[in-house]
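Structure first, then comments.
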Amino acid sequence: MTSVTALPARPRVRRPSPLGRRGAFRLHASVLVTLLAASSAPTPLYALYQGEWHFSALTLTVVFSAYALALLLALLTAGTLSDHLGRRPVLAGALLAEAVAMAAFATAEGVPALIAARILQGLATGVATSAAGAALLDFEDPARPGRATATNGITPVAGMAIGVLAATALTQYAPAPTRTVYLPLLLLFALQAAAVLRTPETARPHPGALRSLRPAVAVAPASRPAMVLAAPGIVAAWALGGFYSSLGPSLARLIDPHAARATGGLVFLTLTAAAALAGHATRTLPARTASLAGTALLLPGTLLTLSAPHLHSLAALFAGTAAAGAGFGAVTQGALRLLLPPAAPAERAGTLAAYYVLSYLAMSVPAVLAGLLTDRYGLQAALTPYAATVLLLALAGFARTLRLPRTA
């Protein structure tokens, strides 16, 4: 009988333990904050780019909208990719692409390079936001239902506020702000990509990844009635956001040409800070109530902004921006809580992506039209039809939201 010699036991390699549910939830919330902080970081720099490279208002809105349109393309094609391949690889890859985009911003020497950086950023952000937002829902504590949806509503606007605040401060005080704004973001994205790989995988990979890349909008059937009713208010809120993001600094300079260089960034900071506060304040209200309050606040916000150039008043501009920002935050909070809870787990990424498709279309297309009108007729003349359209959409959104059940 042949004896069998026992092989020596291999030393056990200790792998780093993945983050727990709570840590993973916080990590993905921080990812959303960083993504949106990076998206708003160029806003205070547009005046510097424009002064250095001498481009028109239309070119400015094209630079801004290149990001939004690229993000739309990513959402339409890869919005559900993490449902098929898993949250971790998709999100980590998108965050590394964000780091590359930050490097492209820091080394940009002209408008074409700036547009290319914005396109890469938009593609990466579109993939990352749908994956991170769906992961938030996956990691939600069952004892605290609704927290993930509220976080999906608050973190984007909070991120935009943090990004524009930091970029405004660096624009005012740091040397070479067109570079120093982006380098900390590059490092942060790289660190987050490594951390995401330590989280548990929550999506069960399954075939159909290539088929899912066909452009499509996948709203969960249970969420479609709410999407139809909430759409006008969503479009009004994001269209205002697009105007403040791209032409807000130019409007501040039109009202007061001698204002400090940071004033333009403070306009968008006011919008996003008010949005974050309103999103937090309305998180415990019924979704229908939050949506109604948000669309109602868009009305005085738009009217004050429209009147600011006629009054030559920066105070009116900032008051209007604050009201519009509060409306933006409440509309976003209400809309997400109307759309996401009815969706099944496998439909969450697609429904969230569809919401962002509508939002970023509303943010980018009107802004480009406003840039075209500004080049032809001036910013003050372009503001009037823009504001009138937003007012009509906000009124329609308010009326349609009233048709939702009170228990929504």
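Following the order of the structure tokens, chains are lettered A, B, ..., residues in each are numbered from 1, and ligands are numbered from 1.
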Exercise for the section: Fewer than 4 positions away in the same chain doesn't count, so skip those; otherwise give me all residues within 10 Å of Leu27 in chain A, counting only C-alpha atoms, as JSON, numbers by chain. Expected result: {"A": [19, 21, 22, 23, 31, 32, 33, 132, 136, 192, 195, 196, 199]}
Could you write out the selected residues, including C-alpha atoms, as a short mmCIF file (atom, residue, chain, number, x, y, z; two decimals), in the first residue's frame?
data_model
loop_
_atom_site.label_atom_id
_atom_site.label_comp_id
_atom_site.auth_asym_id
_atom_site.auth_seq_id
_atom_site.Cartn_x
_atom_site.Cartn_y
_atom_site.Cartn_z
CA LEU A 19 -16.30 47.42 4.03
CA ARG A 21 -22.93 47.89 4.88
CA ARG A 22 -22.67 51.19 6.75
CA GLY A 23 -19.16 51.95 5.51
CA VAL A 31 -18.54 59.26 -4.37
CA LEU A 32 -21.69 61.08 -5.47
CA VAL A 33 -20.55 64.20 -3.61
CA ALA A 132 -23.21 54.69 -7.20
CA LEU A 136 -26.75 53.39 -2.25
CA GLN A 192 -12.23 56.24 -4.07
CA ALA A 195 -11.94 51.89 -1.84
CA VAL A 196 -14.87 50.83 -4.03
CA THR A 199 -16.96 46.90 -0.91
#
Practice task
For range 148-160 of chain A, work out the shell of residues within 8 Å, counting only C-alpha atoms and skipping chain neighbours fewer than 2 positions away, then give it as JSON, numbers by chain.
Solution key: {"A": [29, 30, 32, 33, 34, 35, 36, 37, 38, 39, 40, 41, 133, 136, 137, 140, 145, 146, 162, 163, 164, 269, 272, 273, 275, 276, 279, 280, 283, 329, 332, 333, 336, 337, 340, 341]}
Exercise for the section: Determine, counting only C-alpha atoms, which protein, DNA and RNA residues have an atom within 8 Å of an atom of range 390-396 of chain A; residues of the same chain fewer than 2 positions away are not included. Present the result as JSON, numbers by chain. Expected result: {"A": [232, 233, 235, 236, 237, 239, 240, 295, 296, 298, 299, 302, 386, 387, 388, 398, 399, 400]}
Pull N, CA and C atoms from the residues just selected and write them as a short mmCIF file (atom, residue, chain, number, x, y, z; two decimals), in the first residue's frame.
data_model
loop_
_atom_site.label_atom_id
_atom_site.label_comp_id
_atom_site.auth_asym_id
_atom_site.auth_seq_id
_atom_site.Cartn_x
_atom_site.Cartn_y
_atom_site.Cartn_z
N PRO A 232 -42.64 68.21 -15.90
CA PRO A 232 -42.49 69.65 -16.13
C PRO A 232 -41.74 70.36 -15.00
N GLY A 233 -42.01 70.00 -13.75
CA GLY A 233 -41.30 70.61 -12.64
C GLY A 233 -39.82 70.25 -12.65
N VAL A 235 -38.00 69.54 -15.33
CA VAL A 235 -37.39 70.29 -16.43
C VAL A 235 -37.19 71.75 -16.04
N ALA A 236 -38.18 72.36 -15.39
CA ALA A 236 -38.05 73.77 -14.98
C ALA A 236 -36.89 73.94 -14.01
N ALA A 237 -36.78 73.06 -13.02
CA ALA A 237 -35.71 73.18 -12.02
C ALA A 237 -34.33 73.03 -12.65
N ALA A 239 -33.49 73.32 -15.85
CA ALA A 239 -33.21 74.37 -16.82
C ALA A 239 -32.66 75.62 -16.12
N LEU A 240 -33.24 75.96 -14.97
CA LEU A 240 -32.70 77.07 -14.18
C LEU A 240 -31.27 76.75 -13.71
N THR A 295 -41.75 73.42 -6.83
CA THR A 295 -42.20 74.12 -8.03
C THR A 295 -42.73 75.50 -7.69
N ALA A 296 -43.35 75.65 -6.51
CA ALA A 296 -43.84 76.97 -6.11
C ALA A 296 -42.67 77.94 -5.88
N LEU A 298 -39.83 77.95 -7.39
CA LEU A 298 -39.19 78.32 -8.65
C LEU A 298 -39.77 79.61 -9.22
N LEU A 299 -41.03 79.90 -8.91
CA LEU A 299 -41.69 81.08 -9.49
C LEU A 299 -41.06 82.39 -9.00
N THR A 302 -37.40 82.74 -10.26
CA THR A 302 -37.24 83.14 -11.66
C THR A 302 -37.56 84.62 -11.85
N TYR A 386 -36.13 82.90 -21.74
CA TYR A 386 -35.70 81.77 -20.90
C TYR A 386 -36.54 81.73 -19.63
N ALA A 387 -36.65 82.88 -18.96
CA ALA A 387 -37.40 82.95 -17.71
C ALA A 387 -38.88 82.65 -17.95
N ALA A 388 -39.43 83.16 -19.06
CA ALA A 388 -40.85 82.92 -19.35
C ALA A 388 -41.12 81.43 -19.53
N PHE A 398 -46.51 72.39 -11.11
CA PHE A 398 -47.32 72.52 -9.89
C PHE A 398 -48.71 71.94 -10.11
N ALA A 399 -49.33 72.28 -11.26
CA ALA A 399 -50.69 71.79 -11.53
C ALA A 399 -50.72 70.28 -11.68
N ARG A 400 -49.70 69.71 -12.35
CA ARG A 400 -49.70 68.26 -12.56
C ARG A 400 -49.38 67.51 -11.27
#
Practice task
Can you work out the spacing between CA of Thr282 in chain A and CA of Gly325 in chain A in Å, to one decimal?
Solution key: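 Separation of CA of Thr282 in chain A and CA of Gly325 in chain A: 13.2 Å.
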Handout entry: From A:Ala226, A:Val181, A:Leu165, A:Ala117, residue lying nearest Ala287 in chain A [only C-alpha atoms]
Key =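 With only C-alpha atoms as the atom set, the closest residue is A:Ala226.
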Handout entry: Ala343 in chain A environment, 7 Å, only C-alpha atoms, sequence neighbours closer than 5 positions dropped, as a VMD selection string
Key = chain A and resid 220 222 to 223 348
Practice task
Please return as number ranges by chain: the residues of range 211-404 of chain A that backbone DSSP assigns to helix (DSSP H, G or I).
Solution key: A: 211-212, 221-246, 248-255, 263-281, 287-311, 314-339, 345-377, 379-401
